[in-house]
file model_26.tsv (TSV, C-alpha atoms)
chain	number	residue	atom	x	y	z
A	1326	MET	CA	-0.42	-27.83	26.65
A	1327	THR	CA	-3.51	-27.18	28.77
A	1328	LYS	CA	-2.19	-24.53	31.13
A	1329	TYR	CA	-5.18	-22.27	30.41
A	1330	ALA	CA	-7.82	-24.97	29.83
A	1331	ARG	CA	-11.34	-23.97	30.90
A	1332	LYS	CA	-10.31	-20.29	30.85
A	1333	LYS	CA	-12.27	-17.85	28.72
A	1334	ALA	CA	-10.19	-14.87	27.67
A	1335	LEU	CA	-10.92	-11.63	25.86
A	1336	VAL	CA	-8.06	-9.72	24.24
A	1337	ALA	CA	-9.36	-6.27	23.33
A	1338	GLY	CA	-7.87	-3.18	21.80
A	1339	GLU	CA	-4.97	-4.56	19.80
A	1340	ALA	CA	-4.99	-7.48	17.36
A	1341	THR	CA	-1.36	-7.09	16.37
A	1342	GLY	CA	1.88	-7.16	18.31
A	1343	ILE	CA	1.32	-7.69	22.03
A	1344	GLY	CA	-2.40	-8.49	21.79
A	1345	LEU	CA	-1.82	-11.14	19.14
A	1346	ALA	CA	1.11	-12.60	21.11
A	1347	ILE	CA	-1.12	-12.90	24.20
A	1348	ALA	CA	-3.89	-14.55	22.17
A	1349	LYS	CA	-1.42	-17.05	20.67
A	1350	ARG	CA	-0.11	-18.13	24.08
A	1351	LEU	CA	-3.64	-18.46	25.42
A	1352	VAL	CA	-4.73	-20.59	22.46
A	1353	GLU	CA	-1.61	-22.76	22.79
A	1354	GLY	CA	-2.48	-23.22	26.47
A	1355	GLY	CA	-6.02	-24.40	25.75
A	1356	ALA	CA	-8.01	-21.23	26.54
A	1357	THR	CA	-11.11	-20.18	24.66
A	1358	VAL	CA	-10.10	-16.83	23.18
A	1359	LEU	CA	-12.02	-13.89	21.77
A	1360	LEU	CA	-9.82	-11.28	20.08
A	1361	THR	CA	-10.95	-7.91	18.76
A	1362	ALA	CA	-9.57	-6.53	15.52
A	1363	ARG	CA	-10.52	-3.17	14.07
A	1364	THR	CA	-9.88	-3.70	10.37
A	1365	ASP	CA	-10.54	-6.47	7.87
A	1366	ALA	CA	-6.79	-6.82	7.33
A	1367	GLU	CA	-6.14	-7.22	11.08
A	1368	ARG	CA	-8.95	-9.78	11.36
A	1369	ALA	CA	-7.62	-11.79	8.40
A	1370	HIS	CA	-4.08	-11.73	9.80
A	1371	ALA	CA	-5.25	-12.78	13.29
A	1372	VAL	CA	-7.36	-15.64	11.91
A	1373	ALA	CA	-4.38	-16.83	9.85
A	1374	GLU	CA	-2.13	-16.73	12.94
A	1375	LEU	CA	-4.58	-18.25	15.44
A	1376	GLY	CA	-6.54	-20.67	13.28
A	1377	SER	CA	-10.04	-21.75	14.15
A	1378	THR	CA	-9.35	-22.13	17.87
A	1379	ALA	CA	-9.93	-18.42	18.54
A	1380	ARG	CA	-12.71	-16.08	17.50
A	1381	VAL	CA	-11.80	-12.74	15.98
A	1382	VAL	CA	-14.49	-10.05	15.94
A	1383	THR	CA	-14.84	-6.31	15.52
A	1384	PRO	CA	-14.90	-4.30	18.75
A	1385	SER	CA	-18.61	-3.56	18.19
A	1386	ALA	CA	-19.39	-7.30	18.06
A	1387	VAL	CA	-17.87	-8.18	21.45
A	1388	ALA	CA	-21.09	-7.95	23.48
A	1389	ALA	CA	-22.95	-10.20	21.03
A	1390	ALA	CA	-20.08	-12.70	20.98
A	1391	LEU	CA	-20.01	-12.83	24.79
A	1392	ALA	CA	-23.77	-13.37	24.85
A	1393	GLY	CA	-23.33	-16.30	22.48
A	1394	ASP	CA	-25.12	-14.42	19.69
A	1395	GLY	CA	-24.12	-13.85	16.12
A	1396	GLY	CA	-22.63	-17.28	15.48
A	1397	SER	CA	-19.29	-16.30	17.01
A	1398	GLY	CA	-18.77	-19.74	18.50
A	1399	PHE	CA	-17.60	-18.15	21.75
A	1400	PRO	CA	-19.41	-19.63	24.78
A	1401	ALA	CA	-21.91	-17.32	26.46
A	1402	GLY	CA	-21.17	-15.92	29.88
A	1403	GLY	CA	-18.44	-13.98	31.61
A	1404	VAL	CA	-14.77	-14.09	30.80
A	1405	ASP	CA	-12.07	-15.07	33.26
A	1406	LEU	CA	-9.24	-13.04	31.77
A	1407	LEU	CA	-9.36	-9.65	30.09
A	1408	PHE	CA	-6.36	-8.14	28.34
A	1409	ALA	CA	-7.04	-4.59	27.20
A	1410	ASP	CA	-4.78	-1.90	25.86
A	1411	ALA	CA	-6.14	0.77	28.22
A	1412	ILE	CA	-8.76	1.50	30.86
A	1413	PRO	CA	-11.15	3.16	28.37
A	1414	THR	CA	-11.11	-0.11	26.39
A	1415	ALA	CA	-11.61	-2.23	29.52
A	1416	ARG	CA	-14.29	-0.17	31.26
A	1417	PRO	CA	-17.26	-1.07	28.99
A	1418	LEU	CA	-16.26	-4.74	29.25
A	1419	LEU	CA	-16.33	-4.86	33.07
A	1420	PRO	CA	-19.86	-6.36	33.24
A	1421	HIS	CA	-18.58	-9.32	31.18
A	1422	ILE	CA	-15.79	-10.26	33.60
A	1423	GLY	CA	-16.68	-12.98	36.03
A	1424	ASP	CA	-16.13	-12.46	39.73
A	1425	GLY	CA	-12.64	-13.64	40.63
A	1426	GLY	CA	-11.35	-12.79	37.17
A	1427	SER	CA	-8.30	-10.82	36.14
A	1428	ILE	CA	-7.65	-7.73	34.01
A	1429	VAL	CA	-4.24	-6.87	32.58
A	1430	LEU	CA	-3.71	-3.57	30.82
A	1431	THR	CA	-1.08	-3.61	28.08
A	1432	ALA	CA	-0.59	-0.01	26.92
A	1433	PRO	CA	2.94	1.39	27.11
A	1434	THR	CA	2.05	4.03	29.68
A	1435	PRO	CA	-0.70	2.86	32.00
A	1436	CYS	CA	-1.05	5.45	34.74
A	1437	PRO	CA	-0.15	3.72	38.04
A	1438	ASP	CA	-2.81	5.72	39.90
A	1439	ALA	CA	-5.49	4.69	37.39
A	1440	VAL	CA	-4.48	1.03	37.65
A	1441	ARG	CA	-4.69	1.17	41.45
A	1442	ALA	CA	-8.05	2.99	41.31
A	1443	LEU	CA	-9.59	0.39	39.00
A	1444	ALA	CA	-8.15	-2.38	41.18
A	1445	ALA	CA	-9.76	-0.80	44.26
A	1446	GLU	CA	-13.07	-0.42	42.40
A	1447	LEU	CA	-13.18	-4.13	41.49
A	1448	VAL	CA	-11.73	-5.69	44.64
A	1449	SER	CA	-15.22	-6.41	46.04
A	1450	ARG	CA	-15.80	-8.73	43.07
A	1451	GLY	CA	-12.43	-10.42	43.58
A	1452	ILE	CA	-11.21	-9.11	40.22
A	1453	ARG	CA	-7.50	-8.36	40.12
A	1454	VAL	CA	-6.30	-5.47	37.95
A	1455	ASN	CA	-2.67	-5.11	36.92
A	1456	ALA	CA	-0.71	-3.63	34.04
A	1457	VAL	CA	2.38	-4.29	32.01
A	1458	ALA	CA	4.26	-1.24	30.81
A	1459	PRO	CA	6.10	-2.24	27.64
A	1460	GLY	CA	8.93	-0.11	26.31
A	1461	CYS	CA	11.48	-0.55	23.53
A	1462	ILE	CA	9.49	-3.39	21.98
A	1463	GLU	CA	10.41	-4.44	18.46
A	1464	SER	CA	7.84	-3.67	15.80
A	1465	PRO	CA	8.01	-3.24	12.05
A	1466	GLY	CA	10.12	-0.18	11.30
A	1467	SER	CA	11.23	0.35	14.90
A	1468	ASP	CA	14.83	1.22	15.57
A	1469	ALA	CA	15.18	2.39	19.16
A	1470	VAL	CA	18.32	4.42	19.64
A	1471	PRO	CA	19.74	4.25	22.18
A	1472	LEU	CA	18.87	0.72	23.17
A	1473	PRO	CA	17.72	0.01	26.72
A	1474	PRO	CA	20.27	-1.26	29.27
A	1475	LEU	CA	19.74	-4.89	28.19
A	1476	GLY	CA	21.19	-3.87	24.81
A	1477	ARG	CA	18.37	-5.04	22.55
A	1478	LEU	CA	14.75	-4.44	21.69
A	1479	GLY	CA	12.20	-6.61	23.41
A	1480	ALA	CA	9.67	-8.83	21.66
A	1481	ALA	CA	5.88	-8.80	21.90
A	1482	GLU	CA	6.16	-12.40	23.12
A	1483	GLU	CA	8.15	-11.22	26.16
A	1484	VAL	CA	5.42	-8.74	27.06
A	1485	ALA	CA	2.80	-11.46	26.54
A	1486	ARG	CA	4.56	-13.75	29.04
A	1487	ALA	CA	4.62	-10.97	31.65
A	1488	ALA	CA	0.94	-10.18	31.04
A	1489	LEU	CA	-0.03	-13.84	31.38
A	1490	PHE	CA	1.99	-14.11	34.57
A	1491	LEU	CA	0.05	-11.20	36.07
A	1492	ALA	CA	-3.26	-12.66	34.87
A	1493	THR	CA	-2.83	-16.26	35.97
A	1494	GLU	CA	0.12	-16.73	38.32
A	1495	ALA	CA	0.31	-13.53	40.40
A	1496	THR	CA	-2.85	-14.38	42.33
A	1497	PHE	CA	-2.03	-12.15	45.32
A	1498	THR	CA	-1.21	-9.11	43.20
A	1499	THR	CA	-3.54	-6.28	42.24
A	1500	GLY	CA	-2.98	-2.65	41.35
A	1501	ALA	CA	0.57	-3.34	40.15
A	1502	ARG	CA	2.34	-1.96	37.09
A	1503	LEU	CA	5.16	-4.17	35.78
A	1504	PRO	CA	7.73	-2.49	33.48
A	1505	VAL	CA	8.75	-4.73	30.58
A	1506	ASP	CA	11.27	-2.38	29.03
A	1507	GLY	CA	14.76	-3.88	29.11
A	1508	GLY	CA	15.70	-1.77	32.12
A	1509	LEU	CA	14.76	1.54	30.49
A	1510	GLY	CA	12.64	2.64	33.43
A	1511	ARG	CA	15.18	1.78	36.10
A	1512	PRO	CA	16.12	4.54	38.54

call {"tool": "encode", "arguments": {"input": "model_26.tsv", "output": "structure tokens"}}
result
Amino acid sequence: MTKYARKKALVAGEATGIGLAIAKRLVEGGATVLLTARTDAERAHAVAELGSTARVVTPSAVAAALAGDGGSGFPAGGVDLLFADAIPTARPLLPHIGDGGSIVLTAPTPCPDAVRALAAELVSRGIRVNAVAPGCIESPGSDAVPLPPLGRLGAAEEVARAALFLATEATFTTGARLPVDGGLGRP
């Protein structure tokens, strides 16, 4: 599948769960992917999951990788898509996002006002900023009781699909926060 061919994506802040699920879908779709992982164990796991089609680096090595330095194999220049766990993770990466790009925040509780403020800040560059708000997502050792209205825990893959929709398909959407929580946040 080449749905994301010619796209350069950076997934920062989480190399497990949702971040890894996003990176997998991007790689499967033909994107060039740079994923950050904090620990040696996370890096080894991500490399095993993604293979050689993605680059996995420490957070401190992102700037060098984006500049094409350090033998990362990631092409130099700006990224088209940034997936970050939170605004503090995304903010230092803003200079690396190409005009017309997209940012999707993936933390469970992105502040709607902060998402809208960052979207307003970047609108002059044509960069869209949105967020997914995952809740009741299955992870090792998680047993949510009570379950959300849909009656089951969600999967990281389901959050990844929503994040990719916001990044690539929702081209007239910015400043939005999309709950991916099985109906937990419904009024």

call {"tool": "residues_around", "arguments": {"input": "model_26.tsv", "residues": "Gly1508 of chain A", "least_positions_apart": "5", "cutoff": "10 Å", "atoms": "only C-alpha atoms", "output": "list in words"}}
result
Gly1460, Cys1461, Leu1472, Pro1473, Pro1474, Leu1475 and Gly1476 of chain A

call {"tool": "write_last_selection", "arguments": {"input": "model_26.tsv", "atoms": "C-alpha atoms", "output": "compact mmCIF listing (two decimals), keeping the file's coordinate frame"}}
result
# COMPACT_ATOMS: atom_id res chain seq x y z
CA GLY A 1460 8.93 -0.11 26.31
CA CYS A 1461 11.48 -0.55 23.53
CA LEU A 1472 18.87 0.72 23.17
CA PRO A 1473 17.72 0.01 26.72
CA PRO A 1474 20.27 -1.26 29.27
CA LEU A 1475 19.74 -4.89 28.19
CA GLY A 1476 21.19 -3.87 24.81

call {"tool": "closest_residue", "arguments": {"input": "model_26.tsv", "among": "A:Thr1434, A:Pro1413, A:Phe1408, A:Ile1422", "to": "Ala1487 of chain A", "atoms": "all atoms listed in the file"}}
result
A:Phe1408

call {"tool": "axis_aligned_box", "arguments": {"input": "model_26.tsv", "around": "segment 1357-1366 of chain A", "padding_each_side": "4 Å", "output": "lines of an AutoDock Vina configuration file"}}
result
center_x = -9.4
center_y = -11.7
center_z = 16.0
size_x = 13.2
size_y = 25.0
size_z = 25.3

call {"tool": "closest_residue", "arguments": {"input": "model_26.tsv", "among": "A:Ala1366, A:Val1336, A:Ala1415, A:Ala1480", "to": "Val1454 of chain A", "atoms": "all atoms listed in the file"}}
result
A:Ala1415

call {"tool": "residues_around", "arguments": {"input": "model_26.tsv", "residues": "Ala1356 of chain A", "least_positions_apart": "6", "cutoff": "6 Å", "atoms": "only C-alpha atoms", "output": "PyMOL selection string"}}
result
chain A and resi 1329-1330+1332-1333

call {"tool": "atom_distance", "arguments": {"input": "model_26.tsv", "atom1": "atom CA of Leu1360 of chain A", "atom2": "atom CA of Val1381 of chain A"}}
result
4.8 Å

call {"tool": "atom_distance", "arguments": {"input": "model_26.tsv", "atom1": "atom CA of Ala1401 of chain A", "atom2": "atom CA of Gly1423 of chain A"}}
result
11.7 Å

call {"tool": "residues_around", "arguments": {"input": "model_26.tsv", "residues": "Thr1498 of chain A", "least_positions_apart": "2", "cutoff": "10 Å", "atoms": "only C-alpha atoms", "output": "MDAnalysis selection string"}}
result
chainID A and resid 1444 1453:1455 1491:1492 1494:1496 1500:1501

call {"tool": "residues_near_point", "arguments": {"input": "model_26.tsv", "point": "(-1.8, -20.0, 24.4)", "cutoff": "10 Å", "atoms": "only C-alpha atoms", "output": "mmCIF file with C-alpha atoms, in the coordinates of the input"}}
result
data_model
loop_
_atom_site.group_PDB
_atom_site.id
_atom_site.type_symbol
_atom_site.label_atom_id
_atom_site.label_comp_id
_atom_site.auth_asym_id
_atom_site.auth_seq_id
_atom_site.Cartn_x
_atom_site.Cartn_y
_atom_site.Cartn_z
ATOM 1 C CA MET A 1326 -0.420 -27.830 26.650
ATOM 2 C CA THR A 1327 -3.510 -27.180 28.770
ATOM 3 C CA LYS A 1328 -2.190 -24.530 31.130
ATOM 4 C CA TYR A 1329 -5.180 -22.270 30.410
ATOM 5 C CA ALA A 1330 -7.820 -24.970 29.830
ATOM 6 C CA ALA A 1346 1.110 -12.600 21.110
ATOM 7 C CA ILE A 1347 -1.120 -12.900 24.200
ATOM 8 C CA ALA A 1348 -3.890 -14.550 22.170
ATOM 9 C CA LYS A 1349 -1.420 -17.050 20.670
ATOM 10 C CA ARG A 1350 -0.110 -18.130 24.080
ATOM 11 C CA LEU A 1351 -3.640 -18.460 25.420
ATOM 12 C CA VAL A 1352 -4.730 -20.590 22.460
ATOM 13 C CA GLU A 1353 -1.610 -22.760 22.790
ATOM 14 C CA GLY A 1354 -2.480 -23.220 26.470
ATOM 15 C CA GLY A 1355 -6.020 -24.400 25.750
ATOM 16 C CA ALA A 1356 -8.010 -21.230 26.540
ATOM 17 C CA THR A 1357 -11.110 -20.180 24.660
ATOM 18 C CA VAL A 1358 -10.100 -16.830 23.180
ATOM 19 C CA LEU A 1375 -4.580 -18.250 15.440
ATOM 20 C CA ALA A 1485 2.800 -11.460 26.540
ATOM 21 C CA LEU A 1489 -0.030 -13.840 31.380
#

call {"tool": "residues_around", "arguments": {"input": "model_26.tsv", "residues": "Arg1380 of chain A", "least_positions_apart": "3", "cutoff": "10 Å", "atoms": "only C-alpha atoms", "output": "NGL selection string"}}
result
:A and (1335 or 1357-1361 or 1368 or 1371-1372 or 1375-1377 or 1390 or 1397-1399)

call {"tool": "atom_distance", "arguments": {"input": "model_26.tsv", "atom1": "atom CA of Asp1410 of chain A", "atom2": "atom CA of Leu1443 of chain A"}}
result
14.2 Å

call {"tool": "closest_residue", "arguments": {"input": "model_26.tsv", "among": "A:Ala1411, A:Gly1342, A:Arg1502, A:Glu1374", "to": "Thr1431 of chain A", "atoms": "only C-alpha atoms"}}
result
A:Ala1411
